[in-house]
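Trainee: Got a file for you: target-v3.txt, compact mmCIF, C-alpha atoms.
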# COMPACT_ATOMS: atom_id res chain seq x y z
CA MET A 1 4.38 -84.83 -38.76
CA SER A 2 5.07 -85.71 -35.09
CA PRO A 3 7.70 -88.21 -33.91
CA HIS A 4 6.58 -91.67 -32.92
CA PRO A 5 5.99 -91.97 -29.11
CA THR A 6 8.47 -94.87 -28.85
CA ALA A 7 11.20 -92.74 -30.44
CA LEU A 8 10.47 -89.91 -27.98
CA LEU A 9 10.58 -92.31 -25.03
CA GLY A 10 13.94 -93.66 -26.24
CA LEU A 11 15.32 -90.13 -26.56
CA VAL A 12 14.12 -89.17 -23.07
CA LEU A 13 15.63 -92.31 -21.52
CA CYS A 14 18.91 -91.73 -23.32
CA LEU A 15 19.10 -88.10 -22.14
CA ALA A 16 18.13 -89.07 -18.60
CA GLN A 17 20.92 -91.66 -18.47
CA THR A 18 23.44 -89.12 -19.79
CA ILE A 19 22.39 -86.51 -17.22
CA HIS A 20 22.39 -89.12 -14.43
CA THR A 21 25.94 -90.16 -15.38
CA GLN A 22 27.16 -86.55 -15.48
CA GLU A 23 25.65 -85.66 -12.10
CA GLY A 24 28.44 -87.21 -10.16
CA TYR A 25 28.98 -90.86 -10.19
CA LEU A 26 32.64 -90.07 -9.77
CA PRO A 27 33.82 -91.61 -6.52
CA ARG A 28 34.46 -89.19 -3.69
CA PRO A 29 38.20 -88.46 -3.19
CA SER A 30 40.08 -89.18 0.02
CA ILE A 31 42.37 -86.83 1.90
CA SER A 32 45.10 -87.47 4.45
CA ALA A 33 48.15 -85.73 5.91
CA GLU A 34 51.77 -86.82 6.23
CA PRO A 35 53.18 -87.18 8.83
CA GLY A 36 49.78 -86.67 10.51
CA THR A 37 47.17 -84.07 11.34
CA VAL A 38 48.89 -82.69 14.45
CA ILE A 39 52.06 -80.91 13.31
CA PRO A 40 54.70 -79.01 15.31
CA LEU A 41 54.81 -75.26 14.64
CA GLY A 42 57.15 -74.45 11.75
CA ARG A 43 57.29 -77.99 10.39
CA PRO A 44 56.14 -79.01 6.91
CA VAL A 45 53.10 -81.13 6.16
CA THR A 46 52.02 -82.84 2.97
CA ILE A 47 48.35 -83.22 2.19
CA VAL A 48 47.64 -86.24 -0.01
CA CYS A 49 44.52 -86.42 -2.16
CA ARG A 50 43.46 -89.72 -3.77
CA GLY A 51 40.95 -90.55 -6.46
CA PRO A 52 40.32 -93.12 -9.19
CA VAL A 53 42.63 -93.85 -12.11
CA GLY A 54 42.49 -91.30 -14.90
CA VAL A 55 42.26 -88.12 -12.82
CA ASP A 56 43.42 -85.07 -14.79
CA GLN A 57 43.71 -82.59 -11.94
CA PHE A 58 43.33 -82.37 -8.16
CA ARG A 59 42.26 -79.28 -6.22
CA LEU A 60 42.96 -78.62 -2.53
CA GLU A 61 40.62 -76.11 -0.90
CA ARG A 62 40.32 -74.48 2.48
CA GLU A 63 37.02 -74.87 4.28
CA ASP A 64 35.80 -71.41 3.31
CA ARG A 65 36.92 -72.01 -0.30
CA SER A 66 38.76 -68.66 -0.22
CA LYS A 67 42.08 -70.33 -1.02
CA PHE A 68 42.75 -73.28 -3.26
CA ASN A 69 45.52 -74.84 -5.26
CA ASP A 70 45.23 -76.95 -8.40
CA THR A 71 47.80 -79.45 -9.57
CA LYS A 72 48.06 -81.54 -12.69
CA ASP A 73 51.00 -83.38 -11.12
CA VAL A 74 48.97 -86.56 -10.64
CA SER A 75 50.67 -89.88 -10.05
CA GLN A 76 49.46 -93.46 -10.11
CA ALA A 77 49.21 -94.66 -6.49
CA SER A 78 48.08 -98.17 -7.49
CA PRO A 79 46.45 -99.85 -10.49
CA SER A 80 43.10 -98.45 -9.34
CA GLU A 81 44.08 -95.13 -7.74
CA SER A 82 45.57 -91.71 -8.60
CA LYS A 83 47.03 -89.28 -6.09
CA ALA A 84 48.47 -85.79 -5.75
CA ARG A 85 50.61 -84.33 -3.01
CA PHE A 86 50.28 -80.74 -1.74
CA ARG A 87 53.17 -79.63 0.46
CA ILE A 88 52.86 -76.79 2.97
CA ASP A 89 56.46 -75.95 3.88
CA LEU A 90 56.08 -74.06 7.14
CA LEU A 91 53.03 -74.85 9.17
CA SER A 92 51.93 -71.89 11.26
CA GLU A 93 48.90 -70.86 13.30
CA GLY A 94 47.50 -69.37 10.06
CA ASN A 95 47.48 -72.82 8.45
CA THR A 96 45.32 -74.40 11.15
CA ARG A 97 42.35 -74.95 8.94
CA ARG A 98 40.02 -77.53 7.56
CA TYR A 99 40.94 -78.72 4.07
CA ARG A 100 39.06 -80.68 1.42
CA CYS A 101 39.95 -81.84 -2.03
CA LEU A 102 38.23 -82.75 -5.26
CA TYR A 103 39.39 -83.85 -8.68
CA ARG A 104 38.60 -83.36 -12.34
CA LYS A 105 38.30 -86.32 -14.66
CA SER A 106 37.64 -85.44 -18.27
CA THR A 107 35.27 -82.46 -17.98
CA GLU A 108 33.59 -83.41 -14.69
CA TRP A 109 34.48 -82.41 -11.14
CA SER A 110 34.01 -84.88 -8.31
CA GLN A 111 32.25 -84.24 -5.03
CA LEU A 112 34.34 -82.79 -2.24
CA SER A 113 36.21 -85.11 0.11
CA ASP A 114 35.55 -85.21 3.82
CA TYR A 115 37.28 -82.49 5.83
CA LEU A 116 40.83 -82.86 7.06
CA ASP A 117 41.60 -80.80 10.18
CA LEU A 118 45.22 -79.67 10.52
CA VAL A 119 46.30 -78.71 14.03
CA VAL A 120 49.51 -76.84 14.82
CA LYS A 121 51.11 -77.89 18.09
CA GLU A 122 53.60 -75.67 19.88
CA THR A 123 56.72 -77.69 20.63
CA SER A 124 58.45 -77.61 23.97
CA GLY A 125 62.08 -78.58 24.00
CA ASP A 126 62.75 -81.43 21.58
CA THR A 127 61.87 -80.10 18.13
CA ASP A 128 63.30 -83.14 16.37
CA SER A 129 60.64 -85.57 17.54
CA PRO A 130 57.75 -85.85 15.12
CA VAL A 131 54.26 -85.36 16.48
CA THR A 132 51.71 -87.45 14.66
CA GLU A 133 48.19 -88.57 15.22
CA PRO A 134 47.49 -92.26 14.71
CA ASP A 135 45.36 -93.12 11.70
CA SER A 136 45.19 -89.54 10.42
CA SER A 137 43.33 -90.62 7.30
CA ALA A 138 40.55 -92.51 9.05
CA GLY A 139 37.18 -91.79 7.56
CA THR A 140 38.54 -89.92 4.58
CA VAL A 141 39.27 -90.82 0.98
CA PRO A 142 41.26 -84.58 -3.49
CA GLY A 143 51.91 -81.90 -5.12
CA THR A 144 53.20 -79.01 -5.52
CA GLU A 145 55.51 -76.80 -3.50
CA GLY A 146 53.77 -73.96 -1.63
CA SER A 147 50.18 -75.09 -1.91
CA GLY A 148 48.68 -71.62 -2.01
CA CYS A 149 46.80 -72.74 1.07
CA ASP A 150 49.53 -71.67 3.45
CA ALA A 151 48.66 -68.00 3.78
CA PRO A 152 45.94 -66.92 6.20
Could you write out this file's structure as structure tokens?
Mentor:
Amino acid sequence: MSPHPTALLGLVLCLAQTIHTQEGYLPRPSISAEPGTVIPLGRPVTIVCRGPVGVDQFRLEREDRSKFNDTKDVSQASPSESKARFRIDLLSEGNTRRYRCLYRKSTEWSQLSDYLDLVVKETSGDTDSPVTEPDSSAGTVPGTEGSGCDAP
């Protein structure tokens, strides 16, 4: 006895919708840096990853994906947004990298964010003046102490 063609069509459509939903309709996360993307040598920087409400975990990765750090320390940035903060305590030449983040919601991982380029700037003289780049989060929308991303 074979199943009725209408029942098979319904099953196929149901499975296709489930697969389509699981293939990444999670919004892409954003990434930014505080105080900016140009940081004086030896100063700390905090990378902020943002995603939708309900994120379980954020991951910060280096461009080559050789180093990453996960955090479940996710806070509510607004009624529609979650965020996580990844602090790199001492920025050095070895930290000058491109970073991206992603998040996990339920059992699914999001797409990767755009790249964030951190640049270390040698300071001359006044080390107390912050060096920032205006609008460091433009074009981008994934903490914990010692992000795991701070070693070369």
Trainee: Might you pull out every residue within 12 Å of Ser80 in chain A, with only C-alpha atoms counted and same-chain residues fewer than 5 positions away left off, and present them as a list in words?
Mentor: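 The contact residues come out as Pro27, Arg50, Gly51, Pro52, Val53, Gly54, Val55 and Ser75 of chain A.
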Trainee: May I have the selected residues written with C-alpha atoms, as a PDB file, keeping the file's coordinate frame?
Mentor:
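Contents of the output file part-v7.pdb:
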ATOM      1  CA  PRO A  27      33.820 -91.610  -6.520  1.00  0.00           C
ATOM      2  CA  ARG A  50      43.460 -89.720  -3.770  1.00  0.00           C
ATOM      3  CA  GLY A  51      40.950 -90.550  -6.460  1.00  0.00           C
ATOM      4  CA  PRO A  52      40.320 -93.120  -9.190  1.00  0.00           C
ATOM      5  CA  VAL A  53      42.630 -93.850 -12.110  1.00  0.00           C
ATOM      6  CA  GLY A  54      42.490 -91.300 -14.900  1.00  0.00           C
ATOM      7  CA  VAL A  55      42.260 -88.120 -12.820  1.00  0.00           C
ATOM      8  CA  SER A  75      50.670 -89.880 -10.050  1.00  0.00           C
TER       9      SER A  75
END
Trainee: Using only C-alpha atoms and a cutoff of 12 Å, can you tell me which residues are near (48.3, -75.8, 10.2) in the file's coordinates, and write them out as a VMD selection string?
Mentor: chain A and resid 33 36 to 47 62 87 to 99 116 to 122 149 to 152
Trainee: To one decimal in Å, tell me the separation between CA of Ala77 in chain A and CA of Asp64 in chain A.
Mentor: 28.6 Å
Trainee: Have a look at CA of Ser30 in chain A and CA of Arg104 in chain A and let me know their distance in Å, one decimal.
Mentor: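 Straight-line distance from CA of Ser30 in chain A to CA of Arg104 in chain A works out to 13.7 Å.
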Trainee: Which residue, A:Lys67, A:Arg28, A:Lys72, A:Arg100, has the smallest gap to Tyr115 in chain A when you use only C-alpha atoms?
Mentor: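 Nearest candidate to Tyr115 in chain A out of A:Lys67, A:Arg28, A:Lys72, A:Arg100: A:Arg100.
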Trainee: Rounded to one decimal place, report the CA of Phe58 in chain A-CA of Tyr103 in chain A distance in Å.
Mentor: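 CA of Tyr103 in chain A lies at a distance of 4.2 Å from CA of Phe58 in chain A.
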Trainee: Select, from A:Asn69, A:Ser32, A:Gln57, A:Gln76, the residue with the minimum atom-to-atom distance to Ser106 in chain A, counting all atoms listed in the file.
Mentor: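 Of A:Asn69, A:Ser32, A:Gln57, A:Gln76, the one nearest Ser106 in chain A, counting all atoms listed in the file, is A:Gln57.
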Trainee: Provide an axis-aligned box for all listed atoms of range 94-104 of chain A, padding each side by 3 Å; report its centre and its edge lengths in Å to one decimal, as JSON.
Mentor:
{"center_x": 42.9, "center_y": -76.6, "center_z": -0.6, "size_x": 15.3, "size_y": 20.5, "size_z": 29.5}
Trainee: Take range 42-65 of chain A, model N, CA and C atoms, and hand the result over as an mmCIF file, in the coordinates of the input.
Mentor:
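So the final result, stored in result_38.cif, reads:
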data_model
loop_
_atom_site.group_PDB
_atom_site.id
_atom_site.type_symbol
_atom_site.label_atom_id
_atom_site.label_comp_id
_atom_site.auth_asym_id
_atom_site.auth_seq_id
_atom_site.Cartn_x
_atom_site.Cartn_y
_atom_site.Cartn_z
ATOM 1 N N GLY A 42 55.991 -74.649 12.610
ATOM 2 C CA GLY A 42 57.150 -74.450 11.750
ATOM 3 C C GLY A 42 57.576 -75.656 10.941
ATOM 4 N N ARG A 43 56.951 -76.781 11.137
ATOM 5 C CA ARG A 43 57.290 -77.990 10.390
ATOM 6 C C ARG A 43 56.434 -78.103 9.133
ATOM 7 N N PRO A 44 56.930 -78.816 8.131
ATOM 8 C CA PRO A 44 56.140 -79.010 6.910
ATOM 9 C C PRO A 44 55.103 -80.119 7.081
ATOM 10 N N VAL A 45 54.103 -80.073 6.232
ATOM 11 C CA VAL A 45 53.100 -81.130 6.160
ATOM 12 C C VAL A 45 52.763 -81.331 4.692
ATOM 13 N N THR A 46 52.449 -82.540 4.332
ATOM 14 C CA THR A 46 52.020 -82.840 2.970
ATOM 15 C C THR A 46 50.609 -83.385 3.020
ATOM 16 N N ILE A 47 49.730 -82.749 2.288
ATOM 17 C CA ILE A 47 48.350 -83.220 2.190
ATOM 18 C C ILE A 47 48.254 -84.081 0.933
ATOM 19 N N VAL A 48 47.731 -85.277 1.091
ATOM 20 C CA VAL A 48 47.640 -86.240 -0.010
ATOM 21 C C VAL A 48 46.176 -86.431 -0.374
ATOM 22 N N CYS A 49 45.865 -86.209 -1.638
ATOM 23 C CA CYS A 49 44.520 -86.420 -2.160
ATOM 24 C C CYS A 49 44.553 -87.642 -3.081
ATOM 25 N N ARG A 50 43.527 -88.492 -2.964
ATOM 26 C CA ARG A 50 43.460 -89.720 -3.770
ATOM 27 C C ARG A 50 42.110 -89.821 -4.463
ATOM 28 N N GLY A 51 42.154 -90.343 -5.675
ATOM 29 C CA GLY A 51 40.950 -90.550 -6.460
ATOM 30 C C GLY A 51 41.142 -91.740 -7.382
ATOM 31 N N PRO A 52 40.209 -91.966 -8.284
ATOM 32 C CA PRO A 52 40.320 -93.120 -9.190
ATOM 33 C C PRO A 52 41.391 -92.895 -10.259
ATOM 34 N N VAL A 53 41.700 -93.940 -10.990
ATOM 35 C CA VAL A 53 42.630 -93.850 -12.110
ATOM 36 C C VAL A 53 42.062 -92.904 -13.161
ATOM 37 N N GLY A 54 42.923 -92.161 -13.812
ATOM 38 C CA GLY A 54 42.490 -91.300 -14.900
ATOM 39 C C GLY A 54 42.168 -89.872 -14.504
ATOM 40 N N VAL A 55 42.505 -89.493 -13.277
ATOM 41 C CA VAL A 55 42.260 -88.120 -12.820
ATOM 42 C C VAL A 55 43.187 -87.179 -13.581
ATOM 43 N N ASP A 56 42.634 -86.063 -14.065
ATOM 44 C CA ASP A 56 43.420 -85.070 -14.790
ATOM 45 C C ASP A 56 44.019 -84.023 -13.867
ATOM 46 N N GLN A 57 43.313 -83.709 -12.789
ATOM 47 C CA GLN A 57 43.710 -82.590 -11.940
ATOM 48 C C GLN A 57 43.091 -82.770 -10.555
ATOM 49 N N PHE A 58 43.839 -82.416 -9.524
ATOM 50 C CA PHE A 58 43.330 -82.370 -8.160
ATOM 51 C C PHE A 58 43.296 -80.921 -7.708
ATOM 52 N N ARG A 59 42.368 -80.612 -6.817
ATOM 53 C CA ARG A 59 42.260 -79.280 -6.220
ATOM 54 C C ARG A 59 42.175 -79.441 -4.707
ATOM 55 N N LEU A 60 43.002 -78.681 -3.988
ATOM 56 C CA LEU A 60 42.960 -78.620 -2.530
ATOM 57 C C LEU A 60 42.352 -77.288 -2.152
ATOM 58 N N GLU A 61 41.329 -77.325 -1.303
ATOM 59 C CA GLU A 61 40.620 -76.110 -0.900
ATOM 60 C C GLU A 61 40.578 -75.991 0.614
ATOM 61 N N ARG A 62 40.603 -74.740 1.077
ATOM 62 C CA ARG A 62 40.320 -74.480 2.480
ATOM 63 C C ARG A 62 38.818 -74.573 2.692
ATOM 64 N N GLU A 63 38.432 -74.709 3.944
ATOM 65 C CA GLU A 63 37.020 -74.870 4.280
ATOM 66 C C GLU A 63 36.152 -73.762 3.694
ATOM 67 N N ASP A 64 36.607 -72.524 3.792
ATOM 68 C CA ASP A 64 35.800 -71.410 3.310
ATOM 69 C C ASP A 64 35.912 -71.201 1.796
ATOM 70 N N ARG A 65 36.701 -72.033 1.145
ATOM 71 C CA ARG A 65 36.920 -72.010 -0.300
ATOM 72 C C ARG A 65 37.544 -70.700 -0.778
#
